[in-house]
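Next up, work_37.txt (compact mmCIF, C-alpha atoms and all ligand atoms):
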```txt
# COMPACT_ATOMS: atom_id res chain seq x y z
CA MET L 19 -0.05 -15.15 -13.66
CA LEU L 20 2.63 -13.69 -11.38
CA GLU L 21 5.31 -14.21 -14.04
CA THR L 22 3.25 -12.65 -16.86
CA THR L 23 2.41 -9.68 -14.64
CA ILE L 24 6.08 -9.13 -13.76
CA ALA L 25 7.01 -9.39 -17.44
CA ALA L 26 4.49 -6.66 -18.31
CA ILE L 27 6.07 -4.10 -15.95
CA GLY L 28 8.35 -1.76 -17.87
CA PRO L 29 10.16 1.55 -17.39
CA LEU L 30 8.56 4.99 -17.45
CA ASP L 31 8.06 6.55 -20.90
CA GLU L 32 10.81 9.15 -21.43
CA PRO L 33 9.15 11.21 -24.23
CA ALA L 34 5.96 11.61 -22.14
CA MET L 35 8.05 12.73 -19.18
CA ALA L 36 9.97 15.21 -21.34
CA ALA L 37 6.65 16.60 -22.63
CA ALA L 38 5.36 17.01 -19.07
CA ARG L 39 8.56 18.79 -17.98
CA ASP L 40 8.30 21.11 -20.96
CA LEU L 41 4.62 21.84 -20.23
CA GLN L 42 5.34 22.51 -16.54
CA GLY L 43 7.87 25.13 -17.68
CA ARG L 44 5.27 26.93 -19.85
CA LEU L 45 2.38 27.09 -17.34
CA THR L 46 1.50 30.44 -15.74
CA LYS L 47 3.54 30.05 -12.57
CA PRO L 48 7.21 30.38 -11.71
CA ALA L 49 9.10 27.25 -12.77
CA GLY L 50 9.34 24.77 -9.90
CA SER L 51 6.78 26.60 -7.76
CA LEU L 52 4.62 23.50 -7.34
CA GLY L 53 7.50 21.67 -5.71
CA ALA L 54 7.03 17.92 -5.41
CA LEU L 55 3.80 18.07 -7.42
CA GLU L 56 5.75 18.89 -10.57
CA GLU L 57 7.97 15.83 -10.40
CA LEU L 58 4.91 13.72 -9.51
CA SER L 59 3.06 14.98 -12.58
CA VAL L 60 6.08 14.15 -14.74
CA ARG L 61 6.27 10.64 -13.31
CA LEU L 62 2.54 10.02 -13.85
CA ALA L 63 2.93 11.16 -17.46
CA GLY L 64 5.76 8.64 -17.82
CA LEU L 65 3.58 5.93 -16.32
CA ALA L 66 0.63 6.68 -18.61
CA GLY L 67 2.94 7.15 -21.62
CA THR L 68 1.14 10.38 -22.52
CA CYS L 69 1.07 14.06 -21.50
CA PRO L 70 -1.07 15.09 -19.79
CA PRO L 71 -1.73 11.76 -18.08
CA PRO L 72 -5.38 10.95 -17.31
CA LEU L 73 -6.82 12.41 -14.10
CA PRO L 74 -6.45 9.72 -11.40
CA GLU L 75 -10.15 9.04 -11.03
CA PRO L 76 -12.29 7.32 -10.02
CA ALA L 77 -10.27 6.15 -7.02
CA ALA L 78 -10.66 2.70 -5.50
CA VAL L 79 -9.37 1.61 -2.08
CA ALA L 80 -8.68 -2.11 -1.67
CA ILE L 81 -8.45 -3.19 1.98
CA PHE L 82 -6.80 -6.60 2.31
CA ALA L 83 -7.56 -8.35 5.61
CA GLY L 84 -5.75 -11.20 7.31
CA ASP L 85 -4.80 -12.64 10.69
CA HIS L 86 -1.43 -13.68 12.06
CA GLY L 87 -0.16 -16.74 13.91
CA VAL L 88 2.49 -14.54 15.50
CA HIS L 89 -0.37 -12.97 17.50
CA ALA L 90 0.27 -15.86 19.94
CA GLN L 91 3.60 -14.22 20.88
CA GLY L 92 1.83 -11.26 22.50
CA VAL L 93 2.92 -8.61 19.96
CA THR L 94 -0.32 -6.60 20.17
CA PRO L 95 -2.80 -5.98 22.98
CA TRP L 96 -5.82 -6.43 20.68
CA PRO L 97 -7.75 -9.69 20.36
CA GLN L 98 -7.60 -11.36 16.95
CA GLU L 99 -11.41 -11.18 16.53
CA VAL L 100 -11.09 -7.41 16.01
CA THR L 101 -9.92 -8.09 12.42
CA ALA L 102 -13.26 -9.72 11.48
CA GLN L 103 -15.23 -7.22 13.54
CA MET L 104 -13.57 -4.30 11.74
CA ILE L 105 -14.51 -5.88 8.40
CA GLY L 106 -18.12 -5.66 9.58
CA ASN L 107 -17.46 -2.03 10.45
CA PHE L 108 -15.92 -1.32 7.01
CA LEU L 109 -18.92 -2.91 5.27
CA ALA L 110 -21.32 -0.90 7.43
CA GLY L 111 -19.40 2.29 6.57
CA GLY L 112 -18.39 3.12 10.14
CA ALA L 113 -14.57 3.10 10.10
CA VAL L 114 -12.18 6.03 9.60
CA VAL L 115 -11.37 4.69 6.12
CA ASN L 116 -15.07 4.95 5.20
CA ALA L 117 -15.28 8.56 6.38
CA PHE L 118 -12.17 9.52 4.39
CA ALA L 119 -13.33 7.51 1.34
CA ARG L 120 -16.65 9.35 1.32
CA GLN L 121 -14.77 12.65 1.55
CA ALA L 122 -12.45 11.69 -1.32
CA GLY L 123 -15.19 10.10 -3.45
CA ALA L 124 -13.38 6.73 -3.46
CA SER L 125 -14.96 3.28 -3.55
CA VAL L 126 -14.07 0.75 -0.83
CA THR L 127 -13.46 -2.94 -1.54
CA VAL L 128 -12.64 -5.25 1.38
CA VAL L 129 -10.82 -8.46 0.45
CA ASP L 130 -10.67 -11.30 2.97
CA VAL L 131 -7.43 -13.06 2.08
CA GLY L 132 -6.72 -14.57 5.48
CA VAL L 133 -9.09 -13.68 8.31
CA ALA L 134 -9.13 -16.29 11.09
CA THR L 135 -12.77 -15.97 12.04
CA PRO L 136 -15.43 -15.69 9.33
CA PRO L 137 -16.07 -11.98 8.76
CA VAL L 138 -19.32 -10.51 10.01
CA THR L 139 -20.96 -9.59 6.71
CA ALA L 140 -23.22 -6.59 6.39
CA PRO L 141 -26.38 -6.67 4.26
CA ALA L 142 -25.40 -6.35 0.59
CA ALA L 143 -25.97 -2.93 -0.90
CA ASP L 144 -25.73 -1.90 -4.55
CA THR L 145 -23.47 0.95 -3.66
CA GLY L 146 -21.12 1.25 -0.73
CA PRO L 147 -18.35 -1.03 0.47
CA ARG L 148 -18.04 -4.44 -1.18
CA LEU L 149 -16.64 -7.69 0.27
CA VAL L 150 -14.56 -10.03 -1.87
CA GLU L 151 -14.21 -13.44 -0.23
CA ALA L 152 -10.84 -14.86 -1.23
CA ASN L 153 -9.70 -16.51 2.00
CA ILE L 154 -6.55 -18.55 1.41
CA ARG L 155 -5.99 -19.66 5.01
CA ARG L 156 -7.63 -18.70 8.29
CA GLY L 157 -4.59 -16.77 9.49
CA THR L 158 -0.88 -17.40 8.97
CA ARG L 159 1.27 -19.77 11.04
CA ASP L 160 3.47 -18.37 13.81
CA MET L 161 6.64 -17.24 12.02
CA THR L 162 8.75 -17.69 15.17
CA VAL L 163 7.95 -21.44 15.04
CA GLU L 164 7.59 -22.21 11.32
CA ALA L 165 7.12 -20.44 7.98
CA ALA L 166 4.04 -18.20 8.13
CA LEU L 167 2.88 -19.51 4.73
CA THR L 168 3.84 -22.09 2.16
CA ARG L 169 5.20 -20.69 -1.08
CA ALA L 170 1.95 -21.81 -2.75
CA GLU L 171 -0.14 -19.87 -0.22
CA ALA L 172 2.04 -16.76 -0.62
CA ARG L 173 1.75 -17.02 -4.40
CA ALA L 174 -2.05 -17.44 -4.17
CA ALA L 175 -2.23 -14.25 -2.08
CA VAL L 176 -0.03 -12.28 -4.51
CA GLU L 177 -2.16 -13.49 -7.42
CA THR L 178 -5.34 -12.52 -5.56
CA GLY L 179 -3.95 -8.99 -5.28
CA ILE L 180 -3.11 -8.95 -9.01
CA ARG L 181 -6.64 -10.14 -9.80
CA VAL L 182 -8.24 -7.46 -7.58
CA ALA L 183 -6.13 -4.77 -9.29
CA GLY L 184 -7.26 -6.00 -12.70
CA ASP L 185 -10.92 -6.14 -11.66
CA LEU L 186 -10.88 -2.61 -10.20
CA ILE L 187 -9.10 -1.21 -13.28
CA ASP L 188 -11.50 -3.07 -15.61
CA ALA L 189 -14.35 -1.47 -13.66
CA GLY L 190 -12.87 1.95 -14.48
CA ALA L 191 -10.56 2.85 -11.58
CA GLY L 192 -7.93 5.45 -12.54
CA ILE L 193 -5.92 5.02 -9.34
CA LEU L 194 -5.73 2.27 -6.71
CA LEU L 195 -5.19 2.94 -3.01
CA THR L 196 -3.80 0.35 -0.62
CA GLY L 197 -5.60 -0.55 2.60
CA ASP L 198 -5.02 -3.20 5.27
CA MET L 199 -6.67 -4.71 8.31
CA GLY L 200 -5.10 -7.41 10.43
CA ILE L 201 -4.48 -7.37 14.15
CA GLY L 202 -0.74 -8.00 14.63
CA ASN L 203 0.19 -7.08 11.07
CA THR L 204 2.80 -4.47 11.98
CA THR L 205 4.99 -7.35 13.23
CA PRO L 206 5.33 -9.13 9.84
CA ALA L 207 5.56 -5.67 8.23
CA ALA L 208 8.62 -4.97 10.41
CA ALA L 209 10.10 -8.36 9.48
CA LEU L 210 9.61 -7.63 5.77
CA VAL L 211 11.23 -4.19 6.10
CA ALA L 212 14.19 -5.67 7.99
CA ALA L 213 14.57 -8.51 5.45
CA PHE L 214 14.29 -6.38 2.29
CA GLY L 215 15.89 -3.26 3.77
CA GLY L 216 18.80 -5.08 5.37
CA VAL L 217 18.37 -3.21 8.66
CA ASP L 218 18.33 -4.44 12.24
CA PRO L 219 14.85 -5.42 13.57
CA ALA L 220 15.13 -2.63 16.17
CA GLU L 221 15.19 -0.06 13.33
CA ALA L 222 12.27 -1.61 11.47
CA THR L 223 9.92 -2.32 14.38
CA GLY L 224 7.45 0.16 15.84
CA ARG L 225 4.69 0.25 18.41
CA GLY L 226 1.83 -0.54 16.02
CA THR L 227 -1.48 0.18 17.70
CA GLY L 228 0.52 1.59 20.64
CA VAL L 229 2.10 -1.24 22.61
CA ASP L 230 3.77 -0.62 26.00
CA ASP L 231 7.54 -0.84 26.61
CA PRO L 232 7.72 -4.56 27.59
CA THR L 233 5.54 -5.54 24.60
CA TYR L 234 7.64 -3.37 22.30
CA ARG L 235 10.87 -5.03 23.46
CA ARG L 236 9.25 -8.46 22.98
CA LYS L 237 8.05 -7.47 19.51
CA ILE L 238 11.60 -6.60 18.41
CA GLU L 239 12.83 -9.97 19.75
CA VAL L 240 9.98 -11.76 17.92
CA VAL L 241 11.02 -10.15 14.63
CA ARG L 242 14.66 -11.00 15.37
CA ALA L 243 13.79 -14.63 16.16
CA ALA L 244 11.77 -15.05 12.95
CA LEU L 245 14.55 -13.61 10.81
CA ARG L 246 17.16 -15.77 12.54
CA ARG L 247 15.06 -18.90 12.04
CA HIS L 248 14.30 -18.38 8.35
CA ALA L 249 17.20 -16.19 7.11
CA PRO L 250 15.03 -15.04 4.19
CA ASP L 251 16.83 -14.12 0.95
CA PRO L 252 15.72 -10.65 -0.25
CA ALA L 253 16.38 -11.78 -3.83
CA ASP L 254 13.55 -14.34 -3.38
CA PRO L 255 10.52 -12.14 -2.60
CA LEU L 256 8.05 -15.05 -2.58
CA GLY L 257 10.25 -16.80 -0.03
CA VAL L 258 10.41 -13.68 2.16
CA LEU L 259 6.63 -13.20 2.02
CA ALA L 260 6.06 -16.89 2.81
CA THR L 261 8.44 -17.14 5.75
CA VAL L 262 7.94 -13.81 7.57
CA GLY L 263 5.06 -12.07 5.77
CA GLY L 264 1.30 -12.12 5.92
CA LEU L 265 -1.53 -12.85 3.52
CA GLU L 266 -2.56 -9.17 3.31
CA HIS L 267 1.09 -8.12 2.79
CA ALA L 268 1.44 -10.62 -0.08
CA ALA L 269 -1.89 -9.57 -1.61
CA LEU L 270 -0.88 -5.90 -1.39
CA ALA L 271 2.35 -6.72 -3.23
CA GLY L 272 0.15 -8.30 -5.90
CA LEU L 273 -2.14 -5.26 -6.07
CA ILE L 274 0.91 -3.03 -6.62
CA LEU L 275 2.29 -5.34 -9.35
CA GLY L 276 -1.13 -5.53 -11.00
CA ALA L 277 -1.45 -1.73 -11.06
CA ALA L 278 2.10 -1.30 -12.38
CA ALA L 279 1.50 -3.84 -15.16
CA ARG L 280 -1.59 -1.89 -16.27
CA ARG L 281 0.32 1.41 -15.87
CA VAL L 282 -2.16 2.73 -13.33
CA PRO L 283 -0.80 4.61 -10.27
CA VAL L 284 -1.05 2.99 -6.86
CA LEU L 285 -1.19 5.28 -3.84
CA LEU L 286 0.51 3.65 -0.85
CA ASP L 287 -0.74 3.96 2.71
CA GLY L 288 1.34 3.14 5.81
CA VAL L 289 3.91 0.63 6.98
CA ILE L 290 2.02 -2.47 5.84
CA ALA L 291 1.71 -1.01 2.34
CA VAL L 292 5.34 0.06 2.06
CA SER L 293 6.58 -3.29 3.40
CA ALA L 294 4.52 -4.93 0.63
CA ALA L 295 5.92 -2.38 -1.85
CA LEU L 296 9.44 -3.60 -1.03
CA ALA L 297 8.32 -7.09 -2.04
CA ALA L 298 6.74 -5.74 -5.24
CA ALA L 299 9.98 -3.89 -6.09
CA ALA L 300 11.97 -7.08 -5.47
CA PHE L 301 9.71 -8.93 -7.95
CA ALA L 302 9.85 -6.09 -10.51
CA PRO L 303 12.15 -3.07 -9.93
CA HIS L 304 10.22 -0.92 -12.44
CA ALA L 305 7.09 -1.30 -10.28
CA THR L 306 8.36 1.68 -8.24
CA GLY L 307 7.40 3.88 -11.22
CA ALA L 308 3.72 3.24 -10.43
CA MET L 309 4.06 3.86 -6.68
CA VAL L 310 3.10 7.11 -5.01
CA ALA L 311 3.82 7.33 -1.28
CA GLY L 312 0.69 8.80 0.28
CA HIS L 313 2.12 9.57 3.69
CA ARG L 314 4.87 8.87 6.19
CA SER L 315 3.47 6.54 8.84
CA ALA L 316 4.73 7.08 12.37
CA GLU L 317 6.01 3.48 12.29
CA PRO L 318 9.82 3.69 11.90
CA GLY L 319 9.81 0.83 9.38
CA ALA L 320 7.85 3.01 6.98
CA THR L 321 10.67 5.55 6.79
CA VAL L 322 13.22 2.78 6.21
CA ALA L 323 11.08 1.32 3.40
CA LEU L 324 10.34 4.67 1.74
CA HIS L 325 14.04 5.46 1.70
CA ARG L 326 14.81 2.07 0.12
CA LEU L 327 12.11 2.62 -2.50
CA GLY L 328 13.33 6.16 -3.24
CA LEU L 329 9.88 7.60 -2.53
CA THR L 330 9.07 10.89 -0.80
CA PRO L 331 5.74 10.83 1.06
CA LEU L 332 3.19 13.51 0.14
CA ILE L 333 1.99 14.12 3.69
CA ASP L 334 3.44 13.57 7.14
CA LEU L 335 0.84 13.87 9.88
CA GLY L 336 2.00 11.29 12.40
CA LEU L 337 -0.77 8.89 11.38
CA ARG L 338 -0.45 5.26 12.52
CA LEU L 339 -3.79 3.71 11.67
CA GLY L 340 -3.57 1.90 8.35
CA GLU L 341 -6.85 0.86 6.60
CA GLY L 342 -5.89 3.16 3.69
CA THR L 343 -6.49 6.36 5.66
CA GLY L 344 -3.20 8.10 4.88
CA ALA L 345 -3.47 7.26 1.17
CA LEU L 346 -6.98 8.72 1.03
CA LEU L 347 -5.88 11.98 2.62
CA ALA L 348 -3.13 12.28 -0.01
CA LEU L 349 -5.44 11.62 -2.96
CA PRO L 350 -6.39 15.29 -3.61
CA VAL L 351 -2.67 16.11 -3.79
CA VAL L 352 -2.16 13.53 -6.55
CA THR L 353 -5.25 14.70 -8.42
CA GLY L 354 -4.10 18.30 -8.08
CA ALA L 355 -0.69 17.47 -9.52
CA VAL L 356 -2.31 16.03 -12.66
CA ARG L 357 -5.11 18.61 -12.91
CA VAL L 358 -2.52 21.36 -13.27
CA LEU L 359 -1.32 19.79 -16.55
CA HIS L 360 -4.91 19.66 -17.85
CA GLU L 361 -6.29 23.02 -16.81
CA VAL L 362 -3.63 25.65 -16.20
CA ALA L 363 -3.02 28.15 -19.00
CA THR L 364 0.39 28.65 -20.58
CA PHE L 365 2.14 32.04 -20.67
CA ASP L 366 1.44 32.09 -24.43
CA SER L 367 -2.25 31.19 -24.27
CA ALA L 368 -3.02 33.54 -21.37
CA GLY L 369 -0.93 36.45 -22.64
CA VAL L 370 1.10 36.61 -19.43
CA ALA L 371 4.62 38.01 -19.78
CA GLU L 372 7.56 35.82 -18.84
CA LYS L 373 10.50 37.07 -16.76
C1 LIG F 401 -9.94 -0.94 16.31
C2 LIG F 401 -8.77 -1.00 15.34
C3 LIG F 401 -8.92 -0.50 14.05
C4 LIG F 401 -7.84 -0.53 13.19
N1 LIG F 401 -7.72 -0.13 11.92
C5 LIG F 401 -6.51 -0.36 11.51
N2 LIG F 401 -5.77 -0.92 12.48
C6 LIG F 401 -4.37 -1.21 12.33
O1 LIG F 401 -3.82 -1.81 13.51
C7 LIG F 401 -3.44 -3.16 13.30
C8 LIG F 401 -1.95 -3.34 13.39
O2 LIG F 401 -1.43 -2.98 14.64
P1 LIG F 401 -0.81 -4.09 15.60
O3 LIG F 401 0.27 -4.77 14.84
O4 LIG F 401 -0.28 -3.30 16.76
O5 LIG F 401 -1.94 -5.02 15.99
C9 LIG F 401 -3.92 -3.52 11.92
O6 LIG F 401 -5.16 -4.13 11.96
C10 LIG F 401 -3.95 -2.19 11.22
O7 LIG F 401 -4.71 -2.17 10.08
C11 LIG F 401 -6.60 -1.05 13.55
C12 LIG F 401 -6.43 -1.56 14.84
C13 LIG F 401 -7.52 -1.55 15.73
C14 LIG F 401 -7.34 -2.11 17.10
O1 LIG F 402 1.34 2.57 9.22
C1 LIG F 402 0.36 1.86 9.30
O2 LIG F 402 -0.28 1.54 8.29
C2 LIG F 402 -0.07 1.32 10.64
C3 LIG F 402 0.54 1.72 11.80
C4 LIG F 402 0.12 1.21 13.01
C5 LIG F 402 -0.90 0.29 13.05
N1 LIG F 402 -1.47 -0.10 11.91
C6 LIG F 402 -1.08 0.39 10.73
```
As structure tokens, the full file:
Amino acid sequence: MLETTIAAIGPLDEPAMAAARDLQGRLTKPAGSLGALEELSVRLAGLAGTCPPPLPEPAAVAIFAGDHGVHAQGVTPWPQEVTAQMIGNFLAGGAVVNAFARQAGASVTVVDVGVATPPVTAPAADTGPRLVEANIRRGTRDMTVEAALTRAEARAAVETGIRVAGDLIDAGAGILLTGDMGIGNTTPAAALVAAFGGVDPAEATGRGTGVDDPTYRRKIEVVRAALRRHAPDPADPLGVLATVGGLEHAALAGLILGAAARRVPVLLDGVIAVSAALAAAAFAPHATGAMVAGHRSAEPGATVALHRLGLTPLIDLGLRLGEGTGALLALPVVTGAVRVLHEVATFDSAGVAEK
């Protein structure tokens, strides 16, 4: 399934992009006046293979949840149980991601790919957040001691993400948004950014939920120790995900690949998402054509990853939460970029004089 998905990911459609550029030049506004939105609209036309591309709706957030053996190294002040407890909160509609999803009109799907303690499930409702139980392992192994995952486990997580993308698109989603929950998951995210980005762990590691100075120094050394132990090869993305990644990171890489293969845009959230996006791009370089960077997370690794991916984030508000919150805030910007191609009059049609 991974191989067929990778094989289905192709380049952007040049004629559709040329048509979008031409249309942007004829709309009743000075050329270039919509800044980054214009290039985004062109890219989404290239992804869809048609101009104008479909409006990116309805929107679906997929929150992949997992726990981390590296938690034992004291890289976060939060207890591991918070991952499962927050799943309960997501399903009850009480987290920040739920508030922003309601505002944006997006559905929320929580996918347990690797939570250590069984998630507290909320009463099933016909509408509202949904839980997909796809647990591969009750948390990863400690990457400073051994590989976090076997290659088979990493592959199973990637394929779960591909499957979730396909299910959401089959159910009608016009855009997918990445979300994550996993206490400790900024540590493997930093390791992935350092491995794929070829930067020193000190450049890729941030303070996550807000760790103090001694914990931050330890966190950098933990990332350094894991990379020294495994020496992951960036040309072998499954190997990188298995040795120093996490189940939610691997599943997010799969979600991105699944969206790219179906030529549906995927709006990336913070550092966990962009670390997974580096893995997706290593599997299939053309997958970057489907990626839209929602925001610039305050985590330094996010900036390193965005630069590597060649993506400019739509918003930059100093957010460092995850869950999909930054992607949701950026959604109206993406929709606006496409709506312009559908609804704005041309100089000809509106009888407006050109310069
Ligand atoms: C209550 C709470 C809600 C969250 N929602 C997202 N995260 C975010 O913080 C965690 C990563 O940070 P670190 O690597 O420092 O543990 C992840 O669960 C991420 O989704 C949360 C964290 C907490 C504590
Ligand atoms: O950028 C993120 O997604 C992020 C940052 C800090 C903690 N959790 C997530």
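Considering all atoms listed in the file, the residue among L:Thr205, L:Thr145, L:Thr321, L:Thr306 positioned nearest to ligand LIG 401 (chain F) is L:Thr205.
The shortest atom-to-atom distance to ligand LIG 402 (chain F), with all atoms listed in the file taken into account, belongs to L:Gly226 out of L:Gly216, L:Gly342, L:Gly226, L:Gly123.
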Check your understanding: So which residues are near ligand LIG 402 (chain F), meaning at most 9 Å away with all atoms listed in the file counted, given back as an MDAnalysis selection string?
Key -> chainID L and resid 197:204 224:228 287:292 313:320 337:344
Revision key, fill the gap. CA of Arg235 (chain L) sits from CA of Ala102 (chain L) at a separation of 27.3 Å
Once 6 Å is added on each side, what centre and edge lengths in Å to one decimal does the axis-aligned box around all listed atoms of ligand LIG 401 (chain F) have, as lines of an AutoDock Vina configuration file?
```
center_x = -4.8
center_y = -2.6
center_z = 13.6
size_x = 22.2
size_y = 16.9
size_z = 19.0
```
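When all atoms listed in the file are used to measure the gap to ligand LIG 401 (chain F), the shortest distance among L:Ala63, L:Leu327, L:Ala300, L:Ile81 belongs to L:Ile81.
Between ligand LIG 401 (chain F) and the candidates L:Asp230, L:Glu57, L:Glu239, L:Glu151, the tightest atom-to-atom separation, counting all atoms listed in the file, involves L:Asp230.
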Practice item. For CA of Val258 (chain L) and CA of Ile27 (chain L), determine how far apart the two atoms are, in Å to one decimal place. Key: 20.9 Å
Just want the 8 Å neighbourhood of region 357-363 of chain L, counted on only C-alpha atoms, with same-chain residues fewer than 2 positions away dropped. Output as a PDB file with C-alpha atoms, keeping the file's coordinate frame.
```
ATOM      1  CA  ALA L  38       5.360  17.010 -19.070  1.00  0.00           C
ATOM      2  CA  LEU L  41       4.620  21.840 -20.230  1.00  0.00           C
ATOM      3  CA  GLN L  42       5.340  22.510 -16.540  1.00  0.00           C
ATOM      4  CA  LEU L  45       2.380  27.090 -17.340  1.00  0.00           C
ATOM      5  CA  THR L  46       1.500  30.440 -15.740  1.00  0.00           C
ATOM      6  CA  SER L  59       3.060  14.980 -12.580  1.00  0.00           C
ATOM      7  CA  CYS L  69       1.070  14.060 -21.500  1.00  0.00           C
ATOM      8  CA  PRO L  70      -1.070  15.090 -19.790  1.00  0.00           C
ATOM      9  CA  LEU L  73      -6.820  12.410 -14.100  1.00  0.00           C
ATOM     10  CA  THR L 353      -5.250  14.700  -8.420  1.00  0.00           C
ATOM     11  CA  GLY L 354      -4.100  18.300  -8.080  1.00  0.00           C
ATOM     12  CA  ALA L 355      -0.690  17.470  -9.520  1.00  0.00           C
ATOM     13  CA  PHE L 365       2.140  32.040 -20.670  1.00  0.00           C
ATOM     14  CA  SER L 367      -2.250  31.190 -24.270  1.00  0.00           C
ATOM     15  CA  ALA L 368      -3.020  33.540 -21.370  1.00  0.00           C
TER      16      ALA L 368
END
```
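Going from CA of Ala311 (chain L) to CA of Leu329 (chain L) covers 6.2 Å.
Of the residues under consideration (L:Pro72, L:Gly179, L:Pro252, L:Gly87), L:Gly87 shows the shortest atom-to-atom contact distance to Thr162 (chain L) when counting all atoms listed in the file.
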So that I can check the surroundings of Gly146 (chain L), please list as a PDB file with C-alpha atoms, in the coordinates of the input every protein, DNA and RNA residue that reaches within 12 Å of it, counting all atoms listed in the file and ignoring chain neighbours fewer than 6 positions away.
```
ATOM      1  CA  ALA L  78     -10.660   2.700  -5.500  1.00  0.00           C
ATOM      2  CA  VAL L  79      -9.370   1.610  -2.080  1.00  0.00           C
ATOM      3  CA  PHE L 108     -15.920  -1.320   7.010  1.00  0.00           C
ATOM      4  CA  LEU L 109     -18.920  -2.910   5.270  1.00  0.00           C
ATOM      5  CA  ALA L 110     -21.320  -0.900   7.430  1.00  0.00           C
ATOM      6  CA  GLY L 111     -19.400   2.290   6.570  1.00  0.00           C
ATOM      7  CA  GLY L 112     -18.390   3.120  10.140  1.00  0.00           C
ATOM      8  CA  ASN L 116     -15.070   4.950   5.200  1.00  0.00           C
ATOM      9  CA  ALA L 117     -15.280   8.560   6.380  1.00  0.00           C
ATOM     10  CA  ALA L 119     -13.330   7.510   1.340  1.00  0.00           C
ATOM     11  CA  ARG L 120     -16.650   9.350   1.320  1.00  0.00           C
ATOM     12  CA  GLY L 123     -15.190  10.100  -3.450  1.00  0.00           C
ATOM     13  CA  ALA L 124     -13.380   6.730  -3.460  1.00  0.00           C
ATOM     14  CA  SER L 125     -14.960   3.280  -3.550  1.00  0.00           C
ATOM     15  CA  VAL L 126     -14.070   0.750  -0.830  1.00  0.00           C
ATOM     16  CA  THR L 127     -13.460  -2.940  -1.540  1.00  0.00           C
ATOM     17  CA  VAL L 128     -12.640  -5.250   1.380  1.00  0.00           C
ATOM     18  CA  ALA L 140     -23.220  -6.590   6.390  1.00  0.00           C
TER      19      ALA L 140
END
```
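Distances to Ala298 (chain L) were evaluated for L:Gly64, L:Val352, L:Leu20, L:Ala166 using all atoms listed in the file, and the minimum falls at L:Leu20.
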Check your understanding: Contacts of Ala152 (chain L) at 12 Å or less, counting all atoms listed in the file, minus same-chain residues fewer than 5 places along, as a PyMOL selection string?
Key -> chain L and resi 82-84+128-133+136-137+171+174-179+181-182+265-266+269
Practice item. Please provide as a ChimeraX atom specification all residues within 8 Å of Arg169 (chain L), with the sequence filter that same-chain residues fewer than 3 positions apart are discarded (counting all atoms listed in the file). Key: /L:172-173,256-257,260
Export of prior selection with C-alpha atoms as a CSV table (one decimal), keeping the file's coordinate frame:
```
chain,number,residue,atom,x,y,z
L,172,ALA,CA,2.0,-16.8,-0.6
L,173,ARG,CA,1.8,-17.0,-4.4
L,256,LEU,CA,8.0,-15.0,-2.6
L,257,GLY,CA,10.2,-16.8,0.0
L,260,ALA,CA,6.1,-16.9,2.8
```
If you count all atoms listed in the file, which residues fall within 9 Å of Leu167 (chain L), apart from same-chain ones fewer than 2 positions away, as an mmCIF file with C-alpha atoms, in the coordinates of the input?
```
data_model
loop_
_atom_site.group_PDB
_atom_site.id
_atom_site.type_symbol
_atom_site.label_atom_id
_atom_site.label_comp_id
_atom_site.auth_asym_id
_atom_site.auth_seq_id
_atom_site.Cartn_x
_atom_site.Cartn_y
_atom_site.Cartn_z
ATOM 1 C CA ARG L 155 -5.990 -19.660 5.010
ATOM 2 C CA THR L 158 -0.880 -17.400 8.970
ATOM 3 C CA ARG L 159 1.270 -19.770 11.040
ATOM 4 C CA MET L 161 6.640 -17.240 12.020
ATOM 5 C CA GLU L 164 7.590 -22.210 11.320
ATOM 6 C CA ALA L 165 7.120 -20.440 7.980
ATOM 7 C CA ARG L 169 5.200 -20.690 -1.080
ATOM 8 C CA ALA L 170 1.950 -21.810 -2.750
ATOM 9 C CA GLU L 171 -0.140 -19.870 -0.220
ATOM 10 C CA ALA L 172 2.040 -16.760 -0.620
ATOM 11 C CA LEU L 259 6.630 -13.200 2.020
ATOM 12 C CA ALA L 260 6.060 -16.890 2.810
ATOM 13 C CA THR L 261 8.440 -17.140 5.750
ATOM 14 C CA VAL L 262 7.940 -13.810 7.570
ATOM 15 C CA GLY L 263 5.060 -12.070 5.770
ATOM 16 C CA GLY L 264 1.300 -12.120 5.920
ATOM 17 C CA LEU L 265 -1.530 -12.850 3.520
#
```
Export of region 290-295 of chain L: N, CA and C atoms, as a PDB file, in the first residue's frame:
```
ATOM      1  N   ILE L 290       5.379  18.919  14.793  1.00  0.00           N
ATOM      2  CA  ILE L 290       5.188  17.471  14.613  1.00  0.00           C
ATOM      3  C   ILE L 290       4.785  17.210  13.159  1.00  0.00           C
ATOM      4  N   ALA L 291       3.876  18.045  12.662  1.00  0.00           N
ATOM      5  CA  ALA L 291       3.413  17.898  11.277  1.00  0.00           C
ATOM      6  C   ALA L 291       4.542  18.108  10.276  1.00  0.00           C
ATOM      7  N   VAL L 292       5.343  19.149  10.470  1.00  0.00           N
ATOM      8  CA  VAL L 292       6.373  19.427   9.465  1.00  0.00           C
ATOM      9  C   VAL L 292       7.530  18.426   9.556  1.00  0.00           C
ATOM     10  N   SER L 293       7.740  17.851  10.752  1.00  0.00           N
ATOM     11  CA  SER L 293       8.752  16.785  10.837  1.00  0.00           C
ATOM     12  C   SER L 293       8.263  15.557  10.066  1.00  0.00           C
ATOM     13  N   ALA L 294       6.955  15.288  10.159  1.00  0.00           N
ATOM     14  CA  ALA L 294       6.369  14.178   9.390  1.00  0.00           C
ATOM     15  C   ALA L 294       6.383  14.494   7.897  1.00  0.00           C
ATOM     16  N   ALA L 295       6.204  15.775   7.565  1.00  0.00           N
ATOM     17  CA  ALA L 295       6.215  16.188   6.153  1.00  0.00           C
ATOM     18  C   ALA L 295       7.585  15.951   5.525  1.00  0.00           C
TER      19      ALA L 295
END
```
